[in-house]
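Q: One structure is given below, represented as structure tokens, and several questions about it will come after.
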Amino acid sequence: MADDSEPTIFIIIGRVWETAGEEPLPVHVMLAAPDEDSAVRKTLESLADEGFVEAELDQIGLIDEEPEEEPHISAYQGALEGEVAIIRFAG
């Protein structure tokens, strides 16, 4: 049974550390997940896979329409395709 509906896309806003004791980097993470708990778990796993030693997640929300500006447009498209898209901002 095929489901043609769009997946639920979450955006999670937080901070990450590449090395303990350094200044944190702000991040936005976009991903498809069935619920908030799954989204948080997948986000933390993906950040750890990217080598971040610590993460603090501040906000979670739903994206209900395609963003209008990069890098969020590309991240949204990646999330629709099943990727966990991590947007890093310079500190």
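Ordering of the structure tokens sets the chain letters (A, B, ...); residue numbers start at 1 within each chain; ligands are numbered from 1 in the order shown.
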Which neighbours of Gly82 (chain A) fall inside 9 Å, counting only C-alpha atoms, when residues of the same chain fewer than 6 positions from it are skipped, and could you give them as a PyMOL selection string?

A: chain A and resi 31-33

Q: How would you write, as a list in words, the set of residues in chain A that DSSP gives as helix (DSSP H, G or I)?

A: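 Of chain A, only Glu36, Asp37, Ser38, Ala39, Val40, Arg41, Lys42, Thr43, Leu44, Glu45, Ser46, Leu47, Ala48, Asp49, His72, Ile73, Ser74, Ala75, Tyr76, Gln77, Gly78, Ala79 and Leu80 of chain A fall in helix (DSSP H, G or I).
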
Q: Would you mind listing what lies within 8 Å of region 7-13 of chain A as a list in words, with only C-alpha atoms counted and same-chain residues fewer than 6 positions away left out?

A: Pro26, Val27, His28, Val29, Met30, Leu31, Ala32, Ala33, Pro34, Glu36, Ala39, Val40, Thr43, Leu57, Asp58, Gln59, Ile60, Gly61, Leu62, Ile63, Asp64, Tyr76, Ala79 and Leu80 of chain A

Q: Quick one: everything within 9 Å of region 47-51 of chain A, counting only C-alpha atoms, minus sequence neighbours fewer than 4 positions away in the same chain. Send it as a ChimeraX atom specification.

A: /A:16,18,42-43,55,86

Q: Name the residues of chain A that come out as strand (DSSP E) in a backbone DSSP run; write them as number ranges by chain.

A: A: 9-17, 25-32, 54-63, 85-88

Q: For N, CA and C atoms, I'd like the residues from the last selection saved as a compact mmCIF listing (two decimals), in the first residue's frame.

A:
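selection-v3.txt written:
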# COMPACT_ATOMS: atom_id res chain seq x y z
N ILE A 9 8.19 16.86 8.23
CA ILE A 9 9.55 17.41 8.29
C ILE A 9 9.67 18.28 9.53
N PHE A 10 10.66 17.94 10.35
CA PHE A 10 10.95 18.69 11.56
C PHE A 10 12.15 19.58 11.35
N ILE A 11 12.18 20.70 12.06
CA ILE A 11 13.39 21.51 12.16
C ILE A 11 13.74 21.60 13.64
N ILE A 12 14.99 21.33 13.93
CA ILE A 12 15.48 21.40 15.30
C ILE A 12 16.60 22.43 15.33
N ILE A 13 16.50 23.35 16.27
CA ILE A 13 17.49 24.43 16.41
C ILE A 13 18.26 24.19 17.69
N GLY A 14 19.58 24.29 17.59
CA GLY A 14 20.39 24.08 18.78
C GLY A 14 21.82 24.55 18.59
N ARG A 15 22.67 24.05 19.46
CA ARG A 15 24.10 24.37 19.45
C ARG A 15 24.89 23.08 19.56
N VAL A 16 26.07 23.07 18.93
CA VAL A 16 26.95 21.90 18.99
C VAL A 16 28.37 22.33 19.29
N TRP A 17 29.12 21.40 19.82
CA TRP A 17 30.53 21.62 20.11
C TRP A 17 31.34 20.59 19.36
N LEU A 25 28.72 26.09 18.15
CA LEU A 25 28.27 26.54 16.83
C LEU A 25 26.76 26.38 16.76
N PRO A 26 26.04 27.39 16.28
CA PRO A 26 24.60 27.23 16.10
C PRO A 26 24.32 26.31 14.91
N VAL A 27 23.29 25.47 15.04
CA VAL A 27 22.89 24.56 13.96
C VAL A 27 21.38 24.55 13.82
N HIS A 28 20.95 24.26 12.60
CA HIS A 28 19.56 23.91 12.31
C HIS A 28 19.63 22.52 11.69
N VAL A 29 18.76 21.65 12.10
CA VAL A 29 18.71 20.29 11.56
C VAL A 29 17.30 20.07 11.01
N MET A 30 17.23 19.60 9.76
CA MET A 30 15.94 19.27 9.14
C MET A 30 15.93 17.78 8.82
N LEU A 31 14.82 17.13 9.17
CA LEU A 31 14.71 15.70 8.91
C LEU A 31 13.26 15.27 8.92
N ALA A 32 13.01 14.13 8.29
CA ALA A 32 11.70 13.52 8.32
C ALA A 32 11.68 12.52 9.47
N GLU A 54 29.27 17.31 21.79
CA GLU A 54 28.15 17.69 22.63
C GLU A 54 27.14 18.47 21.80
N ALA A 55 25.87 18.36 22.19
CA ALA A 55 24.81 19.11 21.51
C ALA A 55 23.76 19.51 22.53
N GLU A 56 23.23 20.71 22.35
CA GLU A 56 22.09 21.18 23.12
C GLU A 56 21.01 21.58 22.12
N LEU A 57 19.86 20.96 22.25
CA LEU A 57 18.75 21.24 21.34
C LEU A 57 17.79 22.19 22.05
N ASP A 58 17.52 23.31 21.40
CA ASP A 58 16.74 24.37 22.03
C ASP A 58 15.28 24.40 21.60
N GLN A 59 15.01 24.16 20.32
CA GLN A 59 13.65 24.27 19.80
C GLN A 59 13.40 23.18 18.78
N ILE A 60 12.14 22.74 18.70
CA ILE A 60 11.73 21.80 17.66
C ILE A 60 10.42 22.30 17.08
N GLY A 61 10.29 22.17 15.78
CA GLY A 61 9.06 22.60 15.13
C GLY A 61 8.84 21.82 13.85
N LEU A 62 7.70 22.06 13.23
CA LEU A 62 7.36 21.42 11.97
C LEU A 62 7.52 22.41 10.83
N ILE A 63 7.98 21.91 9.70
CA ILE A 63 8.06 22.72 8.48
C ILE A 63 6.87 22.31 7.62
N ALA A 85 19.56 16.64 7.40
CA ALA A 85 20.31 17.78 6.88
C ALA A 85 20.74 18.68 8.04
N ILE A 86 22.04 18.87 8.18
CA ILE A 86 22.60 19.69 9.25
C ILE A 86 23.13 20.97 8.63
N ILE A 87 22.61 22.11 9.09
CA ILE A 87 23.08 23.41 8.63
C ILE A 87 23.90 24.00 9.77
N ARG A 88 25.19 24.22 9.52
CA ARG A 88 26.07 24.84 10.52
C ARG A 88 26.20 26.32 10.22
